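Asks: Here it is, the structure in full.
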Amino acid sequence: MDKVKKIFGGDTRQLGMIFALVALIIFFQIATDGLTLTPDNVINIFQGNSYILVLAIGMVLVIIAGHIDLSVGSVAAFVGICVAIAMRDWNLSWWVGILLGLAIGAVVGVWQGFWTAYVGIPAFIVTLSGMLFFRGANQFVGKSNTVPVDADFQRIGGGYLPEVGPDTGYNNLTLLIGLLLVVGVVFGSLRSRRALIKLGAEVEDAWIMWVRLGLICAAIIGATLLFGSGRPGTSFPISGLILAVLVLVYGFVSNRTVIGRHIYAVGGNRHAAELSGVKSKKINFLVMMNMSVLAALAGMIFVARSTASGPFDGVGWELDAIAAVFIGGAAVTGGVGTVVGSIVGGLVMAVLNNGLQLLGIGADATQMIKGLVLLIAVAFDVYNKSQGRASLIGLMMKRLRGGTTDDVEPEPTAATETTPTTETIRQNI
Amino acid sequence: MSEAAGHHGAAHRADGANPPFSVILEMRDITKEFPGVKALSNVSMTVRRGEVHAICGENGAGKSTLMKVLSGVYPAGDYEGEIHFEGQLCEFHNIRDSEHAGIVIIHQELALIPELSIAENIFLGNEEARGGVIDWMATRQRASELLARVGLKELPDTKIKDIGVGKQQLVEIAKALSKDVKLLILDEPTAALNEGDSQHLLDLISGLRSKGVTCIMISHKLNEIEQIADSITIIRDGRSIETLRVKEDGVDENRIIRGMVGRDLESRFPDHTPEIGEVFFEVRNWTVRHPAVPDRLVAKNSSFFVRRGEIVGFAGLMGAGRTELMRSLFGRSYGTYVSGTIIKDGKELRLRSVADAIDHGLAYVTEDRKTLGLNLLDDIKRTTVSARLKRITRGFVVDEREEYNYAESYRKSLRTKAPSVDEGVAKLSGGNQQKVVLAKWLFTEPDLLILDEPTRGIDVGAKFEIYGIIQSMAAQGKGVVLVSSELPELIGLSDRIYTINEGAITGVLDKSQADQESLMRLMTQTSSRGSGAARASA
C-alpha cells in the first residue's frame, strides 16, 4: 500500500483531492451531457493548463521549502519574448530556442536565488520585485509588441504525438504510452509488495491491491483510449508528455533523492535541518533557481501554444500555480506538499474552469467559484487537523487498507525489559 | 518532607508573631499537576512586607511553576491551595488580575518590543490615554519620572533595541513600577547581565526595598542571594523544603546548597564497568563570542578532553554556557569563533560546518528535541537516516529499502514504541521521540556523541533505557559528552565531570570525588573567585 499511497501523494488529504477530482469529472460529465469526457475537450484541458501545471511543480518545491514565488508569470513572459525574438532575428532552430530559454530562466533563477538564500531577503519581496521587473523587461525587450514563433517551435505547446505504424483506429504512440504505464504500475506494485514481504513488514490483503490496481489501470486505459481516439491528427499532446515526464522526474527527486529530502527538512524545521548537516542556503538557492527554470519552460509552452509571445502573457499565473499547490495539500508554513498532489490540485481547478465554461457560466461567476473552492479545500484541511482526525475520505481509505497499520503492536513495559545490550546496538552500527 | 517544610515555615511565623514586620503574601499548600507529573506538591511560603525573598532550587525544582501560579499564568482552579495577598484570599484568572492586585512578574526573557521606544514599552497595554487617544506629553513625563526612579539615564524616546540588556532590565522594572507594584517578582534578573549591570540591578532592588516594595527573586547566583536576600525559600522536587532567614540563621552559600541538593542519589542507573582508553578528543583554549552581542564571550578559554569509552559530564546551571560551548564545537553552529583548537585522534580538526563535523565523527543531540532536534512533520524512518543520508544513497538516490531496514533495526534495538517506522514522530511520546533522535545520531556512526539534556521531559522508565544506551555507546569505545542539569544523572553516569559557569570551565571532578555539594559549589563559582580546579583537587 505504501508504494501506491506514494503514487497518489501519500496522505489522506491528497487521496481526498483525487476523489474530489473524480467526483467533479463525473458531475460535469452528467451536467454537460457527456461534453466533458470527449477527446477534444480533454486534450483541450491538458493543453490549456499544462503551463500552469509545470509552474505548480516548481511552486510546490518552493512552498515546501517555506517560500513563495510571485514572479513566475512575469519570468515566463520575459523568457517567452526573448526566445521569440532570438529565434526570429537569429534564425535559431526550435531546440536551440528552448535551450536558450532554459538558460535565461536559469540566470533569472540565480538572481532571485541569490537574494533569497544568500542575502536573506524574504522570497515574497524578492519575487514581488521580480514580478515587476520582468514584466517590465518583457515589454521593454518586445517593445510591447506581439512576436510570432515558427511552426516547429509551436509543437511543444500545440503539437501531438505523431501517427506511426498500422492503422488501428487509435493513435498508436498514445496506446503504447498507455500500455507502458499499465505495465509499469502493475510491475511496480508487485515488486514493492514482494520487497515488503521480504522485509517482514505488514502488507495488505492481495485482493485489496488487485482492486486498486484494477481501478488505476482502468483509469489509465480509459484516458488512453480517450486521447487516442480524437480527431485525426490529434492525440496525446506533447505538452502533456512534457508534463508527465516532469511529474515523474520531480516526484522522484522530491521523494527519493538527497536534495528532495533536504527540501522537506529545511521547510519542516530549518534549525533541526542545519544541525543535521543540511546546507539550508544552498537548498533555498536551488529551489528558487529551479522555479525560474520551470517558469521559463512554462512560458515557452504557452508561447508555442498561442503561436506568439505578447506583452500580457503570464498575467496572474503565479496565483493559479499557488492555488493548485495549496489545494493539493501543501502547508503555508512549509514542509508539507507533494508534486502529484499539486498536479491534482491544478487539475481540479482546470476541470472546474472547463466544466463551468461548458455549462455557459460566465468568467465572473467562475472566478468566484474557484476562489471559494480554494478556501473550502484548505479550510477542510485545517479543520481536520485541529480535530486531530483524518478526513471522511481518509477514514474510508483506512477501512479499505484493513486498518492494520494503525494498531500498536503490543510491547512489554519498560520495567520488565532489560536495557538494549551493547550487541543489539552494535549490530546496527 | 513537605509536612516538615510546612511546619518549618509556620514556626517562623510564630517566632515573629510580635511584629517588626507584617506578612504580605502567604501561599498555602500549593499543588499543581501536569498530565503525568506533579510539578508542585503542597508548597507553602510566606513573604514579609518589604523584604527581598529569594527562591532557590535546582533546575526543574518548580520555582518558575510556583511563580506562574502566583501571577495567574496558571489560573485559579488549575491548582490546589490558597494564595493570600495583603490578607485577602486571591483567585487570579490571568496576569491582568494579579497585576491589578499589585503583583508584577518580570520574566527571564524580557518582554519588551525592540522597535518601540522606552516610554511606549513602559506603558504598553496600560497606555496613558483618554478615549483611546494617547497623551504623549503625559506618557513622556511619567516615563521620565519612572526612569529616574530606576536610575536609568536614557531619553524616553530611545528605542529599546538601542540600549543594552542591563538597561532593558531596568526598563522592565520601570514598567512594573508604573503599575503601582506592591510585590515584584524577578525571574533570574541577572542571568544575562555582566557584573557591573548585575550590581547596579541589585542596588536598585535594595533601593526599592527601602521604599517599601517587596521582591521575590529567583536566582541561581548564590553570591547575589547571600548579598541581597532577607529570606530564602528552598524548593526541591516540587516541595518547599525550608525557609531560611539570612541574618537570624547566619546563612551562607554552603547552607543554601545543602538545602538545594539534600536528597539521596537515585539508584536508577544500570550497572556499568567503564573501560577507558586513551585520550582521542581534545579541545584547547576554546573561545567563542555571542552571535549578537560581540563583547560577550559565551565560551571563555575552555579546555577539556575525552577518552575512548569515557562518559564525560558537563554540569552547569541554566545559562552557564554548556549548550553554547557544545554547539560552537559542533561545526560552529553557534556564536562567532574567536580562538581555540579541536584535536581528534592526534590531528587538528577545522570544522566549518555541521556537515564537516558529522563527517569527522561528531554527533550532537540537541537540548530541545522539538525545535532543534526533529522535523515534526517527518516520520520515523526518514528522521532516522536524515543526518547522514549519504550512507544509504547511490548517486543521489535514497535506497528506501535500506532506509527501512536501518530504521527498523534501530527501532527494535532502542525499543522505540511505535506501530511502525512509517509513524510520524509528532505522534510519539517524549521518550520515544528522544530515542528516534538518538537513532538518528547513532546512524551517523559517531566517535564522539555529545548529548545535551538527553532525558529532559522524559519519564523514569525511558530515562533508564536511555542511560543504558549511553553506557553501551561508551562500552563500544566511543566518547560520550553528557550535558545535564540533573546532578544525580551526571554523577550516576559520568566517569568525569567538568563544571561550567558563565562560559568558563570552573573545575573537573573524578567520579569518586563528585557529589552534589561539591559540584554545586563549582557550578556557582564565578571565575573571579579563584580557581575551581585548584579547589576541586584540594
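All residue names refer to the C-alpha cells as shown: chains lettered A, B, ... in order, residues numbered from 1 in each chain, ligands numbered from 1 in order.
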Do you know which residues are at most 12 Å from B:Glu486 counting only C-alpha atoms, after dropping those on the same chain fewer than 5 positions away, and could you put them as a list in words?
Replies: Gly57, Glu58, Asn59, Gly60, Ala61, Asp237, Val261, Leu265, Glu266, Gly313, Phe314, Ala315, Gly316, Leu317, Met318, Asp452, Glu453, Pro454, Thr455, Arg456, Gly457, Lys463, Ile491, Gly492, Leu493, Ser494, Gln516, Leu519 and Met520 of chain B
Asks: With C-alpha atoms kept, could you save the residues just selected as an mmCIF file, in the first residue's frame?
Replies:
data_model
loop_
_atom_site.group_PDB
_atom_site.id
_atom_site.type_symbol
_atom_site.label_atom_id
_atom_site.label_comp_id
_atom_site.auth_asym_id
_atom_site.auth_seq_id
_atom_site.Cartn_x
_atom_site.Cartn_y
_atom_site.Cartn_z
ATOM 1 C CA GLY B 57 16.288 25.286 43.821
ATOM 2 C CA GLU B 58 17.758 23.200 41.096
ATOM 3 C CA ASN B 59 16.597 23.477 37.504
ATOM 4 C CA GLY B 60 13.176 21.910 37.278
ATOM 5 C CA ALA B 61 12.527 22.054 41.008
ATOM 6 C CA ASP B 237 11.447 18.297 43.609
ATOM 7 C CA VAL B 261 20.568 19.099 46.809
ATOM 8 C CA LEU B 265 21.109 9.741 44.804
ATOM 9 C CA GLU B 266 18.573 7.816 42.854
ATOM 10 C CA GLY B 313 29.707 15.012 32.237
ATOM 11 C CA PHE B 314 29.238 18.763 31.965
ATOM 12 C CA ALA B 315 27.498 20.383 34.909
ATOM 13 C CA GLY B 316 26.326 23.953 34.996
ATOM 14 C CA LEU B 317 23.285 25.956 35.825
ATOM 15 C CA MET B 318 20.916 27.194 33.164
ATOM 16 C CA ASP B 452 22.604 17.833 25.575
ATOM 17 C CA GLU B 453 19.969 17.177 28.243
ATOM 18 C CA PRO B 454 19.119 13.764 26.782
ATOM 19 C CA THR B 455 16.486 12.945 29.396
ATOM 20 C CA ARG B 456 14.686 16.242 29.785
ATOM 21 C CA GLY B 457 10.936 15.796 29.921
ATOM 22 C CA LYS B 463 15.283 7.523 31.219
ATOM 23 C CA ILE B 491 27.033 11.665 38.964
ATOM 24 C CA GLY B 492 25.417 8.332 38.196
ATOM 25 C CA LEU B 493 26.619 8.120 34.605
ATOM 26 C CA SER B 494 29.782 10.134 34.210
ATOM 27 C CA GLN B 516 26.168 17.208 44.565
ATOM 28 C CA LEU B 519 29.514 20.174 42.033
ATOM 29 C CA MET B 520 27.071 22.859 43.065
#
Asks: Could you pull out the residues in stretch 172-288 of chain A that DSSP calls helix (DSSP H, G or I) from the backbone, as a PyMOL selection string?
Replies: chain A and resi 172-199+206-228+238-256+258-268+270-274+280-288
Asks: Rounded to one decimal in Å, what is the spacing between atom CA of A:Val287 and atom CA of A:Ile263?
Replies: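 Here the two named atoms are 7.9 Å from each other.
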Asks: Compare A:Gly16, A:Gly178, A:Gly260, A:Ile343 by their minimum atom-to-atom distance to A:Leu246, counting only C-alpha atoms, and give me the closest one.
Replies: A:Ile343
Asks: Determine, for each residue of chain B having at least one atom at most 8 Å from an atom of chain A, the closest pair of atoms and their separation in Å to one decimal, counting only C-alpha atoms; order by chain and ascending number, as a tab-separated table.
Replies:
residue	atom	partner	partner_atom	distance
B:Ser333	CA	A:Leu275	CA	7.2
B:Ser353	CA	A:Gly277	CA	7.3
B:Val354	CA	A:Gly277	CA	4.6
B:Ala355	CA	A:Gly277	CA	4.1
B:Asp356	CA	A:Gly277	CA	7.8
B:Ile358	CA	A:Gly277	CA	7.1
B:Thr371	CA	A:Ala272	CA	6.8
B:Leu372	CA	A:Ala272	CA	4.3
B:Gly373	CA	A:Ala272	CA	5.0
B:Leu374	CA	A:Ala272	CA	5.8
B:Asn375	CA	A:Asn269	CA	5.2
B:Leu376	CA	A:Gly268	CA	7.2
B:Leu377	CA	A:Gly268	CA	6.2
B:Asp378	CA	A:Gly268	CA	7.9
B:Ser386	CA	A:Ser276	CA	7.1
B:Ala387	CA	A:Ser276	CA	4.7
B:Arg388	CA	A:Ser276	CA	7.9
B:Leu389	CA	A:Val258	CA	6.7
B:Lys390	CA	A:Val258	CA	7.7
B:Thr393	CA	A:Val258	CA	7.7
B:Phe396	CA	A:Thr257	CA	5.3
B:Val397	CA	A:Thr257	CA	4.3
B:Val398	CA	A:Arg256	CA	5.1
B:Asp399	CA	A:Arg256	CA	7.6
B:Glu400	CA	A:Arg256	CA	7.5
B:Arg401	CA	A:Ala195	CA	7.9
B:Asn405	CA	A:Leu199	CA	7.5
B:Tyr406	CA	A:Asn428	CA	7.1
B:Ser409	CA	A:Asn428	CA	6.5
B:Tyr410	CA	A:Asn428	CA	6.6
B:Ser413	CA	A:Thr424	CA	5.6
B:Leu414	CA	A:Pro420	CA	6.3
B:Arg415	CA	A:Pro420	CA	7.6
B:Lys417	CA	A:Glu411	CA	7.4
B:Ala418	CA	A:Val408	CA	6.6
B:Pro419	CA	A:Val408	CA	4.5
B:Ser420	CA	A:Thr405	CA	7.6
B:Leu442	CA	A:Ile429	CA	7.3
B:Phe443	CA	A:Ile429	CA	6.8
B:Glu445	CA	A:Ile429	CA	6.4
B:Gly461	CA	A:Ala414	CA	5.7
B:Ala462	CA	A:Ala414	CA	7.1
B:Phe464	CA	A:Thr419	CA	7.9
B:Glu465	CA	A:Thr419	CA	5.5
B:Gly468	CA	A:Thr419	CA	5.7
B:Ile469	CA	A:Pro420	CA	6.8
B:Ser472	CA	A:Thr422	CA	4.9
B:Met473	CA	A:Thr422	CA	7.5
B:Ala475	CA	A:Thr422	CA	7.3
B:Gln476	CA	A:Thr422	CA	7.4
Asks: Using only C-alpha atoms, determine which residues lie at most 10 Å from stretch 102-114 of chain A, disregarding the query and same-chain residues fewer than 5 positions distant; provide the list as an MDAnalysis selection string.
Replies: chainID A and resid 69 71 75:76 78:80 82:83 96:97 119:121 123 126:127 129:130 134 281:297 299:300
Asks: So which one's closest to B:Lys38, B:His53, B:Arg130, B:Lys344, B:Arg239? Using only C-alpha atoms, please.
Replies: B:Arg239
Asks: Excluding A:Leu213 and any residue of its chain fewer than 3 positions from it, enumerate the residues within 12 Å of it, using only C-alpha atoms, and give them as a list in words.
Replies: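 Answer for this query is Met1, Lys3, Val4, Lys5, Ile7, Leu181, Val182, Val183, Gly184, Val185, Val186, Phe187, Gly188, Ser189, Leu190, Ala206, Trp207, Ile208, Met209, Trp210, Ile216, Cys217, Ala218, Ala219, Ile220 and Ile221 of chain A.
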Asks: Report, in Å with one decimal, the straight-line distance from atom CA of B:Cys215 to atom CA of B:Leu184.
Replies: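 It comes out at 4.7 Å.
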Asks: Mind pulling up the distance from atom CA of B:His107 to atom CA of B:Pro291?
Replies: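 Going from atom CA of B:Pro291 over to atom CA of B:His107 covers 22.2 Å.
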Asks: For A:Phe302, which residue out of A:Val344, A:Leu55, A:Leu61, A:Leu226 is the nearest one, using only C-alpha atoms?
Replies: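 Checking each of A:Val344, A:Leu55, A:Leu61, A:Leu226 against A:Phe302, counting only C-alpha atoms, the winner is A:Leu55.
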Asks: If we count only C-alpha atoms, what is near B:Ala176 at a cut-off of 10 Å, once residues fewer than 2 positions away on the same chain are taken out, given as a list in words?
Replies: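 Near neighbours after the sequence-gap exclusion: Glu99, Gly102, Ile103, Val104, Ile105, Ile106, Ile122, Phe123, Leu146, Leu170, Val171, Glu172, Ile173, Ala174, Ser178, Lys179, Asp180, Val181, Lys182, Leu183, Leu184 and Ile185 of chain B.
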Asks: Near stretch 143-148 of chain A, within 8 Å and counting only C-alpha atoms, which residues show up once chain neighbours fewer than 6 positions away are dropped, as number ranges by chain?
Replies: A: 81, 84-85, 307-311
Asks: Of the candidates A:Phe312, A:Tyr383, A:Thr234, A:Ile43, which shows the shortest atom-to-atom distance to A:Gly136, using only C-alpha atoms?
Replies: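 Among the listed residues, the smallest separation from A:Gly136 belongs to A:Phe312.
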Asks: Using DSSP on the backbone coordinates, identify the residues of stretch 336-482 of chain B assigned to strand (DSSP E); present them as a list of chain:residue names.
Replies: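 Of stretch 336-482 of chain B, the ones in strand (DSSP E) are B:Thr336, B:Tyr337, B:Val338, B:Ser339, B:Gly340, B:Thr341, B:Ile342, B:Ile343, B:Lys344, B:Lys347, B:Glu348, B:Leu349, B:Leu362, B:Ala363, B:Tyr364, B:Val365, B:Thr393, B:Arg394, B:Val397, B:Val398, B:Leu448, B:Leu449, B:Ile450, B:Leu451, B:Asp452, B:Gly479, B:Val480, B:Val481, B:Leu482.
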Asks: Fewer than 5 positions away in the same chain doesn't count, so skip those; otherwise give me all residues within 12 Å of B:Ala39, counting only C-alpha atoms, as an mmCIF file with N, CA, C and O atoms, in the first residue's frame.
Replies:
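result.cif, freshly written:
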data_model
loop_
_atom_site.group_PDB
_atom_site.id
_atom_site.type_symbol
_atom_site.label_atom_id
_atom_site.label_comp_id
_atom_site.auth_asym_id
_atom_site.auth_seq_id
_atom_site.Cartn_x
_atom_site.Cartn_y
_atom_site.Cartn_z
ATOM 1 N N ILE B 30 0.245 24.783 47.976
ATOM 2 C CA ILE B 30 0.005 24.853 46.536
ATOM 3 C C ILE B 30 0.413 23.522 45.891
ATOM 4 O O ILE B 30 1.540 23.051 46.068
ATOM 5 N N THR B 31 -0.522 22.925 45.172
ATOM 6 C CA THR B 31 -0.238 21.702 44.424
ATOM 7 C C THR B 31 -0.645 21.936 42.985
ATOM 8 O O THR B 31 -1.748 22.407 42.714
ATOM 9 N N LYS B 32 0.260 21.632 42.074
ATOM 10 C CA LYS B 32 -0.025 21.861 40.654
ATOM 11 C C LYS B 32 0.424 20.625 39.888
ATOM 12 O O LYS B 32 1.571 20.215 39.992
ATOM 13 N N GLU B 33 -0.533 20.040 39.176
ATOM 14 C CA GLU B 33 -0.197 18.843 38.400
ATOM 15 C C GLU B 33 -0.290 19.119 36.918
ATOM 16 O O GLU B 33 -1.181 19.819 36.459
ATOM 17 N N PHE B 34 0.665 18.549 36.179
ATOM 18 C CA PHE B 34 0.542 18.476 34.733
ATOM 19 C C PHE B 34 0.250 17.020 34.421
ATOM 20 O O PHE B 34 0.486 16.159 35.265
ATOM 21 N N GLY B 60 14.281 22.870 37.300
ATOM 22 C CA GLY B 60 13.176 21.910 37.278
ATOM 23 C C GLY B 60 12.595 21.617 38.644
ATOM 24 O O GLY B 60 11.751 20.748 38.783
ATOM 25 N N ALA B 61 13.042 22.330 39.666
ATOM 26 C CA ALA B 61 12.527 22.054 41.008
ATOM 27 C C ALA B 61 11.091 22.549 41.173
ATOM 28 O O ALA B 61 10.361 22.068 42.022
ATOM 29 N N GLY B 62 10.699 23.525 40.353
ATOM 30 C CA GLY B 62 9.330 24.022 40.427
ATOM 31 C C GLY B 62 9.239 25.507 40.744
ATOM 32 O O GLY B 62 8.150 26.018 40.975
ATOM 33 N N LYS B 63 10.378 26.201 40.712
ATOM 34 C CA LYS B 63 10.371 27.625 41.069
ATOM 35 C C LYS B 63 9.501 28.433 40.112
ATOM 36 O O LYS B 63 8.635 29.209 40.537
ATOM 37 N N SER B 64 9.750 28.233 38.828
ATOM 38 C CA SER B 64 9.008 29.032 37.846
ATOM 39 C C SER B 64 7.535 28.672 37.849
ATOM 40 O O SER B 64 6.679 29.540 37.685
ATOM 41 N N THR B 65 7.239 27.393 38.050
ATOM 42 C CA THR B 65 5.832 26.980 38.111
ATOM 43 C C THR B 65 5.131 27.692 39.255
ATOM 44 O O THR B 65 4.007 28.191 39.108
ATOM 45 N N LEU B 66 5.821 27.762 40.392
ATOM 46 C CA LEU B 66 5.230 28.427 41.554
ATOM 47 C C LEU B 66 4.940 29.894 41.238
ATOM 48 O O LEU B 66 3.878 30.428 41.576
ATOM 49 N N LYS B 68 4.391 31.143 38.332
ATOM 50 C CA LYS B 68 3.299 31.230 37.356
ATOM 51 C C LYS B 68 1.957 31.043 38.041
ATOM 52 O O LYS B 68 0.963 31.635 37.624
ATOM 53 N N VAL B 69 1.927 30.228 39.074
ATOM 54 C CA VAL B 69 0.699 30.092 39.856
ATOM 55 C C VAL B 69 0.386 31.428 40.527
ATOM 56 O O VAL B 69 -0.736 31.941 40.465
ATOM 57 N N TYR B 79 -4.906 24.809 40.005
ATOM 58 C CA TYR B 79 -4.021 24.295 41.041
ATOM 59 C C TYR B 79 -4.828 24.179 42.330
ATOM 60 O O TYR B 79 -5.913 24.753 42.457
ATOM 61 N N GLU B 80 -4.277 23.435 43.277
ATOM 62 C CA GLU B 80 -4.913 23.375 44.594
ATOM 63 C C GLU B 80 -4.135 24.267 45.550
ATOM 64 O O GLU B 80 -2.953 24.524 45.351
ATOM 65 N N ILE B 235 13.230 25.204 47.337
ATOM 66 C CA ILE B 235 12.293 24.272 46.728
ATOM 67 C C ILE B 235 13.091 23.145 46.095
ATOM 68 O O ILE B 235 14.105 23.388 45.445
ATOM 69 N N ARG B 236 12.643 21.942 46.355
ATOM 70 C CA ARG B 236 13.333 20.789 45.782
ATOM 71 C C ARG B 236 12.276 19.776 45.360
ATOM 72 O O ARG B 236 11.370 19.463 46.128
ATOM 73 N N ASP B 237 12.375 19.306 44.135
ATOM 74 C CA ASP B 237 11.447 18.297 43.609
ATOM 75 C C ASP B 237 9.989 18.689 43.822
ATOM 76 O O ASP B 237 9.158 17.864 44.198
ATOM 77 N N GLY B 238 9.687 19.949 43.637
ATOM 78 C CA GLY B 238 8.302 20.393 43.733
ATOM 79 C C GLY B 238 7.786 20.557 45.148
ATOM 80 O O GLY B 238 6.590 20.691 45.359
ATOM 81 N N ARG B 239 8.670 20.505 46.138
ATOM 82 C CA ARG B 239 8.226 20.689 47.521
ATOM 83 C C ARG B 239 9.007 21.839 48.146
ATOM 84 O O ARG B 239 10.178 22.036 47.832
ATOM 85 N N SER B 240 8.342 22.560 49.059
ATOM 86 C CA SER B 240 9.088 23.597 49.768
ATOM 87 C C SER B 240 9.811 22.918 50.931
ATOM 88 O O SER B 240 9.194 22.257 51.759
ATOM 89 N N GLY B 457 12.341 16.015 30.254
ATOM 90 C CA GLY B 457 10.936 15.796 29.921
ATOM 91 C C GLY B 457 10.600 14.364 29.576
ATOM 92 O O GLY B 457 9.681 14.098 28.817
#
